[in-house]
file target-v5.txt (compact mmCIF, C-alpha atoms)
# COMPACT_ATOMS: atom_id res chain seq x y z
CA MET A 1 -22.48 -11.64 1.84
CA ALA A 2 -22.43 -14.84 3.90
CA ASP A 3 -22.27 -18.07 1.97
CA SER A 4 -25.26 -20.34 2.37
CA GLY A 5 -23.57 -23.37 0.79
CA THR A 6 -24.50 -26.79 2.08
CA SER A 7 -20.94 -27.48 3.14
CA ARG A 8 -19.48 -25.51 6.02
CA ALA A 9 -15.90 -26.18 4.93
CA TYR A 10 -14.18 -23.24 3.26
CA GLY A 11 -10.89 -23.06 1.47
CA TYR A 12 -8.90 -22.27 4.59
CA THR A 13 -10.26 -25.20 6.62
CA ASP A 14 -7.18 -27.35 6.03
CA ASN A 15 -4.95 -24.51 7.18
CA LYS A 16 -7.01 -23.64 10.24
CA ASP A 17 -4.41 -24.57 12.86
CA LYS A 18 -1.69 -22.70 11.03
CA LEU A 19 -3.89 -19.62 10.62
CA LEU A 20 -4.95 -19.65 14.28
CA LYS A 21 -1.31 -19.84 15.36
CA ARG A 22 -0.41 -16.88 13.17
CA LEU A 23 -3.36 -14.87 14.47
CA ALA A 24 -2.44 -15.67 18.09
CA ARG A 25 1.06 -14.43 17.36
CA ALA A 26 -0.29 -11.24 15.75
CA GLU A 27 -2.53 -10.66 18.76
CA GLY A 28 0.53 -10.99 21.01
CA GLN A 29 2.38 -8.51 18.83
CA VAL A 30 -0.44 -5.93 19.19
CA ARG A 31 -0.31 -6.45 22.96
CA GLY A 32 3.46 -5.95 22.76
CA VAL A 33 2.97 -2.62 21.00
CA ALA A 34 0.56 -1.50 23.74
CA ARG A 35 3.17 -2.45 26.36
CA MET A 36 5.77 -0.36 24.50
CA VAL A 37 3.42 2.64 24.61
CA GLU A 38 2.78 2.10 28.33
CA GLU A 39 6.53 1.92 29.00
CA ASP A 40 7.19 5.15 27.05
CA ARG A 41 9.37 3.40 24.52
CA TYR A 42 10.85 5.32 21.62
CA CYS A 43 8.37 6.29 18.86
CA ILE A 44 10.38 4.87 15.97
CA ASP A 45 10.80 1.50 17.72
CA ILE A 46 7.02 1.36 18.17
CA LEU A 47 6.47 2.15 14.48
CA THR A 48 8.84 -0.68 13.56
CA GLN A 49 6.79 -3.08 15.66
CA LEU A 50 3.52 -1.85 14.15
CA ALA A 51 4.94 -2.46 10.67
CA ALA A 52 5.74 -6.05 11.74
CA VAL A 53 2.12 -6.64 12.85
CA ASP A 54 0.88 -5.26 9.52
CA THR A 55 3.13 -7.66 7.64
CA ALA A 56 1.93 -10.58 9.77
CA LEU A 57 -1.77 -9.79 9.21
CA GLU A 58 -1.16 -9.25 5.51
CA GLY A 59 0.35 -12.74 5.36
CA VAL A 60 -2.76 -14.21 7.00
CA ALA A 61 -5.02 -12.34 4.56
CA LEU A 62 -3.06 -13.51 1.51
CA GLU A 63 -3.18 -17.10 2.78
CA ILE A 64 -6.98 -16.94 3.20
CA LEU A 65 -7.31 -15.32 -0.23
CA ASP A 66 -5.24 -18.11 -1.80
CA ASP A 67 -7.34 -20.83 -0.22
CA HIS A 68 -10.55 -18.98 -1.11
CA VAL A 69 -9.68 -18.73 -4.81
CA LYS A 70 -8.39 -22.31 -5.03
CA HIS A 71 -11.49 -23.76 -3.41
CA CYS A 72 -14.57 -21.56 -3.20
CA VAL A 73 -14.11 -19.61 -6.43
CA VAL A 74 -12.90 -22.58 -8.49
CA ASN A 75 -15.77 -24.73 -7.16
CA ALA A 76 -18.36 -22.06 -7.95
CA VAL A 77 -17.02 -21.66 -11.47
CA THR A 78 -16.86 -25.40 -12.21
CA SER A 79 -20.29 -26.00 -10.67
CA GLY A 80 -21.82 -24.53 -13.79
CA GLU A 81 -24.17 -22.34 -11.75
CA GLU A 82 -23.34 -19.18 -13.64
CA ALA A 83 -25.03 -16.67 -11.35
CA ASN A 84 -23.23 -18.10 -8.32
CA ALA A 85 -19.90 -18.17 -10.16
CA ALA A 86 -20.29 -14.55 -11.28
CA GLU A 87 -21.14 -13.52 -7.73
CA LYS A 88 -18.06 -15.29 -6.36
CA VAL A 89 -15.83 -13.61 -8.92
CA ASP A 90 -17.28 -10.14 -8.22
CA GLU A 91 -16.90 -10.70 -4.50
CA LEU A 92 -13.28 -11.76 -4.96
CA LEU A 93 -12.43 -8.70 -7.03
CA ALA A 94 -14.11 -6.44 -4.48
CA ALA A 95 -11.99 -8.07 -1.76
CA VAL A 96 -8.80 -7.47 -3.74
CA ARG A 97 -9.77 -3.82 -4.25
CA ARG A 98 -10.45 -3.42 -0.54
CA PHE A 99 -7.09 -5.01 0.19
CA VAL A 100 -5.26 -2.67 -2.14
CA LYS A 101 -7.08 0.37 -0.71
CA THR A 102 -6.28 -0.38 2.92
CA ARG A 103 -2.59 -0.65 2.20
CA MET B 1 18.02 2.81 17.50
CA ALA B 2 16.72 3.55 21.00
CA ASP B 3 16.83 7.17 22.09
CA SER B 4 19.07 7.86 25.07
CA GLY B 5 17.62 11.31 25.76
CA THR B 6 17.46 12.50 29.35
CA SER B 7 13.70 12.96 29.13
CA ARG B 8 11.50 9.90 28.96
CA ALA B 9 8.58 11.81 27.40
CA TYR B 10 8.10 11.26 23.69
CA GLY B 11 5.75 12.94 21.28
CA TYR B 12 2.91 10.50 21.87
CA THR B 13 2.94 10.82 25.66
CA ASP B 14 -0.02 13.22 25.73
CA ASN B 15 -2.02 10.83 23.57
CA LYS B 16 -1.10 7.72 25.55
CA ASP B 17 -4.58 6.91 26.84
CA LYS B 18 -6.12 7.37 23.42
CA LEU B 19 -3.44 5.21 21.78
CA LEU B 20 -3.81 2.45 24.38
CA LYS B 21 -7.58 2.40 23.84
CA ARG B 22 -7.14 2.09 20.09
CA LEU B 23 -4.56 -0.69 20.52
CA ALA B 24 -6.86 -2.57 22.93
CA ARG B 25 -9.62 -2.34 20.34
CA ALA B 26 -7.27 -3.58 17.57
CA GLU B 27 -6.21 -6.49 19.80
CA GLY B 28 -9.88 -7.38 20.26
CA GLN B 29 -10.38 -7.21 16.50
CA VAL B 30 -7.53 -9.67 15.91
CA ARG B 31 -9.10 -12.00 18.49
CA GLY B 32 -12.39 -11.59 16.64
CA VAL B 33 -10.76 -12.68 13.40
CA ALA B 34 -9.38 -15.79 15.12
CA ARG B 35 -12.87 -16.58 16.41
CA MET B 36 -14.25 -16.27 12.88
CA VAL B 37 -11.64 -18.77 11.65
CA GLU B 38 -12.49 -21.16 14.50
CA GLU B 39 -16.21 -20.91 13.66
CA ASP B 40 -15.57 -21.62 9.95
CA ARG B 41 -16.94 -18.28 8.88
CA TYR B 42 -16.95 -17.28 5.24
CA CYS B 43 -13.49 -16.35 3.80
CA ILE B 44 -14.55 -13.01 2.34
CA ASP B 45 -16.09 -11.89 5.64
CA ILE B 46 -12.81 -12.73 7.39
CA LEU B 47 -10.84 -10.73 4.82
CA THR B 48 -13.14 -7.75 5.41
CA GLN B 49 -12.41 -7.92 9.14
CA LEU B 50 -8.66 -8.22 8.54
CA ALA B 51 -8.82 -5.09 6.37
CA ALA B 52 -10.52 -3.29 9.28
CA VAL B 53 -7.69 -4.26 11.68
CA ASP B 54 -5.13 -3.03 9.15
CA THR B 55 -6.90 0.33 8.92
CA ALA B 56 -7.04 0.60 12.72
CA LEU B 57 -3.31 -0.14 13.15
CA GLU B 58 -2.45 2.23 10.32
CA GLY B 59 -4.34 4.96 12.19
CA VAL B 60 -2.30 4.29 15.33
CA ALA B 61 0.96 4.39 13.36
CA LEU B 62 0.06 7.68 11.66
CA GLU B 63 -0.85 9.21 15.03
CA ILE B 64 2.50 8.18 16.54
CA LEU B 65 4.31 9.46 13.44
CA ASP B 66 2.53 12.83 13.74
CA ASP B 67 3.45 13.20 17.39
CA HIS B 68 7.01 12.05 16.70
CA VAL B 69 7.59 14.66 13.99
CA LYS B 70 5.92 17.47 15.93
CA HIS B 71 7.95 16.81 19.07
CA CYS B 72 11.04 14.64 18.75
CA VAL B 73 12.11 15.70 15.25
CA VAL B 74 11.27 19.38 15.69
CA ASN B 75 13.08 19.45 19.06
CA ALA B 76 16.16 17.75 17.62
CA VAL B 77 16.28 20.21 14.74
CA THR B 78 15.81 23.32 16.89
CA SER B 79 18.31 22.07 19.50
CA GLY B 80 21.08 23.05 17.13
CA GLU B 81 22.86 19.72 17.64
CA GLU B 82 23.27 19.03 13.96
CA ALA B 83 24.39 15.42 14.15
CA ASN B 84 21.42 14.53 16.34
CA ALA B 85 19.02 16.43 14.08
CA ALA B 86 20.35 14.69 10.96
CA GLU B 87 20.01 11.32 12.68
CA LYS B 88 16.40 12.06 13.65
CA VAL B 89 15.54 13.10 10.10
CA ASP B 90 17.18 10.00 8.58
CA GLU B 91 15.40 7.79 11.08
CA LEU B 92 12.07 9.43 10.23
CA LEU B 93 12.53 8.95 6.51
CA ALA B 94 13.52 5.31 7.04
CA ALA B 95 10.32 4.84 9.07
CA VAL B 96 8.21 6.36 6.28
CA ARG B 97 9.87 4.08 3.72
CA ARG B 98 9.21 1.04 5.92
CA PHE B 99 5.62 2.17 6.26
CA VAL B 100 5.15 2.52 2.53
CA LYS B 101 6.78 -0.87 1.90
CA THR B 102 4.64 -2.79 4.32
CA ARG B 103 1.44 -1.50 2.76
CA MET C 1 -0.17 25.29 -0.98
CA ALA C 2 2.58 26.87 -3.09
CA ASP C 3 5.63 28.12 -1.24
CA SER C 4 6.24 31.82 -1.57
CA GLY C 5 9.82 31.69 -0.30
CA THR C 6 12.30 34.14 -1.72
CA SER C 7 14.53 31.36 -2.98
CA ARG C 8 13.35 29.24 -5.88
CA ALA C 9 15.62 26.32 -4.92
CA TYR C 10 13.89 23.44 -3.25
CA GLY C 11 15.31 20.35 -1.68
CA TYR C 12 15.32 18.35 -4.88
CA THR C 13 17.18 20.96 -6.94
CA ASP C 14 20.54 19.22 -6.61
CA ASN C 15 18.98 15.98 -7.78
CA LYS C 16 17.07 17.52 -10.67
CA ASP C 17 18.92 15.74 -13.49
CA LYS C 18 18.63 12.39 -11.76
CA LEU C 19 14.91 12.92 -11.10
CA LEU C 20 14.23 14.00 -14.69
CA LYS C 21 16.01 10.90 -16.00
CA ARG C 22 13.94 8.67 -13.74
CA LEU C 23 10.72 10.41 -14.79
CA ALA C 24 11.62 10.10 -18.50
CA ARG C 25 12.18 6.39 -17.93
CA ALA C 26 8.84 6.06 -16.12
CA GLU C 27 7.10 7.90 -18.97
CA GLY C 28 8.65 5.41 -21.41
CA GLN C 29 7.44 2.55 -19.23
CA VAL C 30 3.85 3.87 -19.33
CA ARG C 31 4.13 4.13 -23.12
CA GLY C 32 5.42 0.55 -23.14
CA VAL C 33 2.36 -0.61 -21.22
CA ALA C 34 0.10 1.11 -23.77
CA ARG C 35 1.98 -0.68 -26.57
CA MET C 36 1.44 -4.02 -24.80
CA VAL C 37 -2.31 -3.32 -24.64
CA GLU C 38 -2.36 -2.37 -28.34
CA GLU C 39 -0.52 -5.58 -29.24
CA ASP C 40 -2.96 -7.72 -27.21
CA ARG C 41 -0.24 -8.95 -24.88
CA TYR C 42 -1.08 -11.26 -22.01
CA CYS C 43 -2.91 -9.58 -19.07
CA ILE C 44 -0.53 -10.82 -16.38
CA ASP C 45 2.52 -9.57 -18.27
CA ILE C 46 0.88 -6.14 -18.50
CA LEU C 47 0.16 -6.16 -14.76
CA THR C 48 3.82 -6.98 -14.09
CA GLN C 49 4.88 -3.97 -16.14
CA LEU C 50 2.38 -1.70 -14.39
CA ALA C 51 3.80 -2.81 -11.03
CA ALA C 52 7.27 -1.83 -12.29
CA VAL C 53 6.05 1.69 -13.20
CA ASP C 54 4.47 2.03 -9.76
CA THR C 55 7.75 1.07 -8.10
CA ALA C 56 9.65 3.56 -10.26
CA LEU C 57 7.28 6.45 -9.45
CA GLU C 58 7.32 5.51 -5.77
CA GLY C 59 11.12 5.78 -5.86
CA VAL C 60 10.87 9.29 -7.34
CA ALA C 61 8.33 10.35 -4.70
CA LEU C 62 10.46 9.03 -1.82
CA GLU C 63 13.51 10.84 -3.22
CA ILE C 64 11.59 14.14 -3.41
CA LEU C 65 10.22 13.56 0.10
CA ASP C 66 13.74 12.96 1.44
CA ASP C 67 15.08 16.12 -0.12
CA HIS C 68 12.03 18.08 1.04
CA VAL C 69 12.44 17.07 4.67
CA LYS C 70 16.21 17.58 4.69
CA HIS C 71 15.98 21.06 3.20
CA CYS C 72 12.58 22.77 3.25
CA VAL C 73 11.28 21.34 6.52
CA VAL C 74 14.58 21.56 8.39
CA ASN C 75 15.09 25.15 7.17
CA ALA C 76 11.59 26.17 8.18
CA VAL C 77 12.07 24.68 11.66
CA THR C 78 15.50 26.24 12.25
CA SER C 79 14.36 29.63 10.89
CA GLY C 80 12.55 30.19 14.14
CA GLU C 81 9.38 31.33 12.36
CA GLU C 82 7.11 29.06 14.30
CA ALA C 83 3.97 29.47 12.22
CA ASN C 84 5.85 28.66 9.03
CA ALA C 85 7.56 25.66 10.65
CA ALA C 86 4.25 24.30 11.94
CA GLU C 87 2.71 24.72 8.49
CA LYS C 88 5.61 22.86 6.85
CA VAL C 89 5.33 20.01 9.34
CA ASP C 90 1.55 19.71 8.87
CA GLU C 91 1.97 19.77 5.11
CA LEU C 92 4.61 17.04 5.32
CA LEU C 93 2.42 14.78 7.44
CA ALA C 94 -0.52 15.33 5.09
CA ALA C 95 1.73 14.30 2.17
CA VAL C 96 2.80 11.13 4.00
CA ARG C 97 -0.85 10.27 4.70
CA ARG C 98 -1.77 10.82 1.06
CA PHE C 99 1.14 8.62 0.07
CA VAL C 100 0.06 5.81 2.36
CA LYS C 101 -3.57 6.08 1.19
CA THR C 102 -2.77 5.88 -2.50
CA ARG C 103 -0.78 2.71 -2.03
CA MET D 1 4.52 -16.77 -18.31
CA ALA D 2 3.10 -15.77 -21.71
CA ASP D 3 -0.15 -17.41 -22.71
CA SER D 4 0.06 -19.64 -25.75
CA GLY D 5 -3.72 -19.87 -26.20
CA THR D 6 -5.04 -20.21 -29.73
CA SER D 7 -7.11 -17.06 -29.35
CA ARG D 8 -5.33 -13.73 -29.15
CA ALA D 9 -8.24 -12.00 -27.38
CA TYR D 10 -7.74 -11.47 -23.69
CA GLY D 11 -10.13 -10.25 -21.07
CA TYR D 12 -9.32 -6.58 -21.58
CA THR D 13 -9.84 -6.62 -25.36
CA ASP D 14 -13.33 -5.10 -25.15
CA ASN D 15 -11.98 -2.31 -22.97
CA LYS D 16 -8.94 -1.62 -25.12
CA ASP D 17 -9.90 1.89 -26.20
CA LYS D 18 -10.80 2.91 -22.69
CA LEU D 19 -7.55 1.49 -21.31
CA LEU D 20 -5.44 3.19 -23.99
CA LYS D 21 -7.10 6.53 -23.21
CA ARG D 22 -6.39 6.12 -19.51
CA LEU D 23 -2.77 5.15 -20.20
CA ALA D 24 -2.30 8.15 -22.53
CA ARG D 25 -3.62 10.38 -19.77
CA ALA D 26 -1.26 8.77 -17.21
CA GLU D 27 1.65 9.26 -19.60
CA GLY D 28 0.72 12.94 -19.88
CA GLN D 29 0.59 13.16 -16.08
CA VAL D 30 4.12 11.75 -15.77
CA ARG D 31 5.29 14.31 -18.34
CA GLY D 32 3.53 16.98 -16.26
CA VAL D 33 5.46 15.91 -13.17
CA ALA D 34 8.74 16.18 -15.10
CA ARG D 35 7.76 19.70 -16.20
CA MET D 36 7.06 20.63 -12.58
CA VAL D 37 10.55 19.43 -11.60
CA GLU D 38 12.09 21.40 -14.48
CA GLU D 39 10.22 24.54 -13.43
CA ASP D 40 11.37 24.17 -9.78
CA ARG D 41 7.83 23.80 -8.51
CA TYR D 42 7.16 23.20 -4.84
CA CYS D 43 8.04 19.68 -3.58
CA ILE D 44 4.68 19.00 -1.94
CA ASP D 45 2.78 19.97 -5.09
CA ILE D 46 4.92 17.52 -7.07
CA LEU D 47 4.22 14.76 -4.54
CA THR D 48 0.48 15.44 -4.89
CA GLN D 49 0.75 15.03 -8.66
CA LEU D 50 2.76 11.81 -8.30
CA ALA D 51 0.06 10.42 -6.02
CA ALA D 52 -2.50 11.21 -8.74
CA VAL D 53 -0.49 9.24 -11.34
CA ASP D 54 -0.25 6.31 -8.93
CA THR D 55 -4.01 6.31 -8.46
CA ALA D 56 -4.56 6.46 -12.23
CA LEU D 57 -2.22 3.51 -12.93
CA GLU D 58 -3.75 1.54 -10.06
CA GLY D 59 -7.15 2.04 -11.71
CA VAL D 60 -5.82 0.66 -14.99
CA ALA D 61 -4.29 -2.35 -13.22
CA LEU D 62 -7.50 -3.16 -11.34
CA GLU D 63 -9.48 -2.90 -14.59
CA ILE D 64 -7.12 -5.35 -16.35
CA LEU D 65 -7.23 -7.66 -13.31
CA ASP D 66 -11.03 -7.63 -13.37
CA ASP D 67 -11.19 -8.49 -17.05
CA HIS D 68 -8.50 -11.14 -16.63
CA VAL D 69 -10.35 -12.96 -13.87
CA LYS D 70 -13.74 -12.71 -15.59
CA HIS D 71 -12.41 -14.08 -18.88
CA CYS D 72 -9.05 -15.83 -18.83
CA VAL D 73 -9.27 -17.39 -15.36
CA VAL D 74 -12.94 -18.34 -15.62
CA ASN D 75 -12.38 -19.85 -19.09
CA ALA D 76 -9.37 -21.84 -17.91
CA VAL D 77 -11.32 -23.20 -14.96
CA THR D 78 -14.44 -24.14 -16.96
CA SER D 79 -12.34 -25.66 -19.77
CA GLY D 80 -11.77 -28.66 -17.54
CA GLU D 81 -8.03 -28.68 -18.27
CA GLU D 82 -7.01 -28.87 -14.64
CA ALA D 83 -3.32 -28.18 -15.04
CA ASN D 84 -4.02 -25.06 -17.07
CA ALA D 85 -6.66 -23.89 -14.60
CA ALA D 86 -4.31 -24.40 -11.65
CA GLU D 87 -1.59 -22.47 -13.46
CA LYS D 88 -3.95 -19.57 -14.18
CA VAL D 89 -5.05 -19.44 -10.55
CA ASP D 90 -1.46 -19.51 -9.25
CA GLU D 91 -0.48 -16.80 -11.71
CA LEU D 92 -3.41 -14.66 -10.61
CA LEU D 93 -2.54 -14.98 -6.93
CA ALA D 94 1.09 -14.14 -7.65
CA ALA D 95 -0.09 -11.01 -9.49
CA VAL D 96 -2.25 -9.97 -6.54
CA ARG D 97 0.70 -10.46 -4.17
CA ARG D 98 2.95 -8.38 -6.41
CA PHE D 99 0.26 -5.71 -6.51
CA VAL D 100 -0.07 -5.61 -2.73
CA LYS D 101 3.72 -5.46 -2.30
CA THR D 102 4.22 -2.54 -4.66
CA ARG D 103 1.64 -0.45 -2.87
call {"tool": "encode", "arguments": {"input": "target-v5.txt", "output": "structure tokens"}}
result
Amino acid sequence: MADSGTSRAYGYTDNKDKLLKRLARAEGQVRGVARMVEEDRYCIDILTQLAAVDTALEGVALEILDDHVKHCVVNAVTSGEEANAAEKVDELLAAVRRFVKTR
Amino acid sequence: MADSGTSRAYGYTDNKDKLLKRLARAEGQVRGVARMVEEDRYCIDILTQLAAVDTALEGVALEILDDHVKHCVVNAVTSGEEANAAEKVDELLAAVRRFVKTR
Amino acid sequence: MADSGTSRAYGYTDNKDKLLKRLARAEGQVRGVARMVEEDRYCIDILTQLAAVDTALEGVALEILDDHVKHCVVNAVTSGEEANAAEKVDELLAAVRRFVKTR
Amino acid sequence: MADSGTSRAYGYTDNKDKLLKRLARAEGQVRGVARMVEEDRYCIDILTQLAAVDTALEGVALEILDDHVKHCVVNAVTSGEEANAAEKVDELLAAVRRFVKTR
């Protein structure tokens, strides 16, 4: 499924710093949940925190999806290479289905 | 929302080690996603990994919810303290709603 | 999975009229979506309508879940019949899992 | 948000019969849920049926989304009308976000 394009720059490249910051924050949130478990914190408070991590990661995924469609998919479609474009579109739709299923 | 019960042991206490292991693994997965972004990996592959983290955290949340209902909620209801039982039930349903919304 | 309790009244009984009204409205919404497809309406507008039906049915399900926990589960737990209470709790958690998975 | 294209045929046009059959079935399922409520059927059994309707409608939505991307979005992008293409892409991403939120 890896892209063998000549360019290494994907849609999210311009947002890299922002994405890395959000992922670092999400990682800290997961660590925070583990600390709550260690400290025997109340179940419902832990669930609330887990829901916050989910929302954060969902935001990252939607951002990457946006950038992917606006760059990779649009480029593949306008390139005129029909097989490549069709593959990109199928791959995108499979990703959306996976997204919907995991929620 | 914190519980001021005399006992510090919540439903998930017996599963603590298992939960901490799963959270440590999820934390590593988030770090792995960040590494993929840093290395300019393909968008769709990153989305697949993010979906895996979501599934892992969802599993942790459902485990905590199970333990919470089987211990905290059941104990509150059988204790006969009606106000406390009603509060626990309301809290549980709010947590389920939050869960459904974040997905 | 059917309950063989002596009483036929479940948690949602008091809300029956409200639930039936909401379900009739949801049924009309599904019919409306079919009409949009017949009339060749724009895809995105149809998706918006489908999302509205989903939200409506989710509201009905959460209402039934609320009533179920507040009546059936609480009654089973306070009845002192431990096997029945455990079954009700397991059943509830399975329903929540199914709910989360379908979203 | 309605499309003012000269052609009335959207992506799902070729699948119209199949979609209408699936929507008729979903409508019947909603009616079945209402009947269960009327007949005082067990809460958990009703929730199971509601989950089945959700899955059915989700299938319809994903089918329409597929057809939409493969036809409308791809056509807009290859047409070379950049503003129109950008609008279609934004609209698509908004639909995916709405989809994810309602789950």
call {"tool": "calpha_fit_and_write", "arguments": {"input": "target-v5.txt", "fixed": "chain B", "moving": "chain A", "output": "tab-separated table (two decimals) with C-alpha atoms, in the frame of the given file"}}
result
chain	number	residue	atom	x	y	z
A	1	MET	CA	18.08	2.98	17.55
A	2	ALA	CA	16.78	3.70	21.05
A	3	ASP	CA	16.81	7.30	22.14
A	4	SER	CA	19.05	8.07	25.08
A	5	GLY	CA	17.59	11.54	25.69
A	6	THR	CA	17.42	12.80	29.24
A	7	SER	CA	13.66	13.09	29.09
A	8	ARG	CA	11.59	9.93	28.88
A	9	ALA	CA	8.59	11.75	27.41
A	10	TYR	CA	8.09	11.22	23.68
A	11	GLY	CA	5.75	12.91	21.29
A	12	TYR	CA	2.92	10.47	21.88
A	13	THR	CA	2.96	10.80	25.68
A	14	ASP	CA	0.00	13.19	25.75
A	15	ASN	CA	-2.01	10.80	23.60
A	16	LYS	CA	-1.09	7.68	25.56
A	17	ASP	CA	-4.58	6.87	26.86
A	18	LYS	CA	-6.11	7.35	23.44
A	19	LEU	CA	-3.45	5.18	21.79
A	20	LEU	CA	-3.81	2.42	24.39
A	21	LYS	CA	-7.57	2.37	23.85
A	22	ARG	CA	-7.13	2.07	20.10
A	23	LEU	CA	-4.57	-0.71	20.51
A	24	ALA	CA	-6.86	-2.60	22.92
A	25	ARG	CA	-9.61	-2.35	20.33
A	26	ALA	CA	-7.27	-3.60	17.58
A	27	GLU	CA	-6.21	-6.51	19.77
A	28	GLY	CA	-9.89	-7.39	20.25
A	29	GLN	CA	-10.40	-7.22	16.51
A	30	VAL	CA	-7.53	-9.69	15.90
A	31	ARG	CA	-9.10	-12.01	18.48
A	32	GLY	CA	-12.41	-11.59	16.64
A	33	VAL	CA	-10.79	-12.68	13.38
A	34	ALA	CA	-9.39	-15.80	15.10
A	35	ARG	CA	-12.89	-16.59	16.40
A	36	MET	CA	-14.27	-16.26	12.86
A	37	VAL	CA	-11.67	-18.77	11.63
A	38	GLU	CA	-12.52	-21.16	14.47
A	39	GLU	CA	-16.23	-20.90	13.65
A	40	ASP	CA	-15.61	-21.61	9.93
A	41	ARG	CA	-16.98	-18.25	8.88
A	42	TYR	CA	-16.98	-17.25	5.24
A	43	CYS	CA	-13.54	-16.34	3.79
A	44	ILE	CA	-14.57	-12.99	2.34
A	45	ASP	CA	-16.13	-11.87	5.65
A	46	ILE	CA	-12.84	-12.71	7.38
A	47	LEU	CA	-10.87	-10.71	4.81
A	48	THR	CA	-13.17	-7.74	5.42
A	49	GLN	CA	-12.43	-7.94	9.13
A	50	LEU	CA	-8.69	-8.23	8.53
A	51	ALA	CA	-8.82	-5.10	6.37
A	52	ALA	CA	-10.52	-3.29	9.29
A	53	VAL	CA	-7.70	-4.27	11.68
A	54	ASP	CA	-5.13	-3.03	9.15
A	55	THR	CA	-6.90	0.31	8.92
A	56	ALA	CA	-7.03	0.58	12.72
A	57	LEU	CA	-3.31	-0.16	13.16
A	58	GLU	CA	-2.44	2.21	10.33
A	59	GLY	CA	-4.33	4.94	12.19
A	60	VAL	CA	-2.30	4.27	15.35
A	61	ALA	CA	0.95	4.36	13.37
A	62	LEU	CA	0.07	7.66	11.67
A	63	GLU	CA	-0.85	9.18	15.03
A	64	ILE	CA	2.51	8.15	16.55
A	65	LEU	CA	4.32	9.44	13.45
A	66	ASP	CA	2.54	12.80	13.76
A	67	ASP	CA	3.46	13.18	17.41
A	68	HIS	CA	7.03	12.03	16.71
A	69	VAL	CA	7.61	14.64	14.00
A	70	LYS	CA	5.93	17.45	15.96
A	71	HIS	CA	7.96	16.78	19.09
A	72	CYS	CA	11.06	14.62	18.75
A	73	VAL	CA	12.12	15.68	15.26
A	74	VAL	CA	11.28	19.37	15.71
A	75	ASN	CA	13.09	19.41	19.08
A	76	ALA	CA	16.18	17.74	17.64
A	77	VAL	CA	16.29	20.19	14.76
A	78	THR	CA	15.82	23.30	16.93
A	79	SER	CA	18.31	22.05	19.52
A	80	GLY	CA	21.08	23.02	17.15
A	81	GLU	CA	22.85	19.69	17.66
A	82	GLU	CA	23.28	19.02	13.97
A	83	ALA	CA	24.40	15.40	14.16
A	84	ASN	CA	21.42	14.51	16.35
A	85	ALA	CA	19.02	16.41	14.09
A	86	ALA	CA	20.37	14.68	10.97
A	87	GLU	CA	20.02	11.31	12.67
A	88	LYS	CA	16.42	12.04	13.64
A	89	VAL	CA	15.57	13.08	10.10
A	90	ASP	CA	17.20	9.98	8.57
A	91	GLU	CA	15.41	7.77	11.06
A	92	LEU	CA	12.08	9.42	10.23
A	93	LEU	CA	12.55	8.95	6.50
A	94	ALA	CA	13.52	5.31	7.02
A	95	ALA	CA	10.33	4.83	9.05
A	96	VAL	CA	8.22	6.35	6.28
A	97	ARG	CA	9.88	4.07	3.72
A	98	ARG	CA	9.22	1.04	5.90
A	99	PHE	CA	5.61	2.15	6.26
A	100	VAL	CA	5.15	2.52	2.53
A	101	LYS	CA	6.79	-0.87	1.87
A	102	THR	CA	4.62	-2.82	4.29
A	103	ARG	CA	1.45	-1.52	2.72
call {"tool": "closest_residue", "arguments": {"input": "target-v5.txt", "among": "A:Arg98, A:Arg41, A:Asn84, A:Ala76", "to": "B:Thr55", "atoms": "all atoms listed in the file"}}
result
A:Arg98
call {"tool": "atom_distance", "arguments": {"input": "target-v5.txt", "atom1": "atom CA of A:Val37", "atom2": "atom CA of B:His68"}}
result
12.8 Å
call {"tool": "atom_distance", "arguments": {"input": "target-v5.txt", "atom1": "atom CA of C:Val33", "atom2": "atom CA of D:Asp66"}}
result
17.0 Å
call {"tool": "closest_residue", "arguments": {"input": "target-v5.txt", "among": "A:Ala83, A:Ala34, A:Ala52, A:Cys43", "to": "B:Gly11", "atoms": "only C-alpha atoms"}}
result
A:Cys43
call {"tool": "atom_distance", "arguments": {"input": "target-v5.txt", "atom1": "atom CA of C:Val69", "atom2": "atom CA of B:Val89"}}
result
7.4 Å
call {"tool": "interface_residues", "arguments": {"input": "target-v5.txt", "of": "chain B", "to": "chain C", "cutoff": "7 Å", "atoms": "only C-alpha atoms", "output": "number ranges by chain"}}
result
B: 66, 74, 77-78, 93, 100, 103
call {"tool": "closest_residue", "arguments": {"input": "target-v5.txt", "among": "A:His71, A:Ala26, A:Lys21, A:Ala95", "to": "B:Gln49", "atoms": "only C-alpha atoms"}}
result
A:Ala95
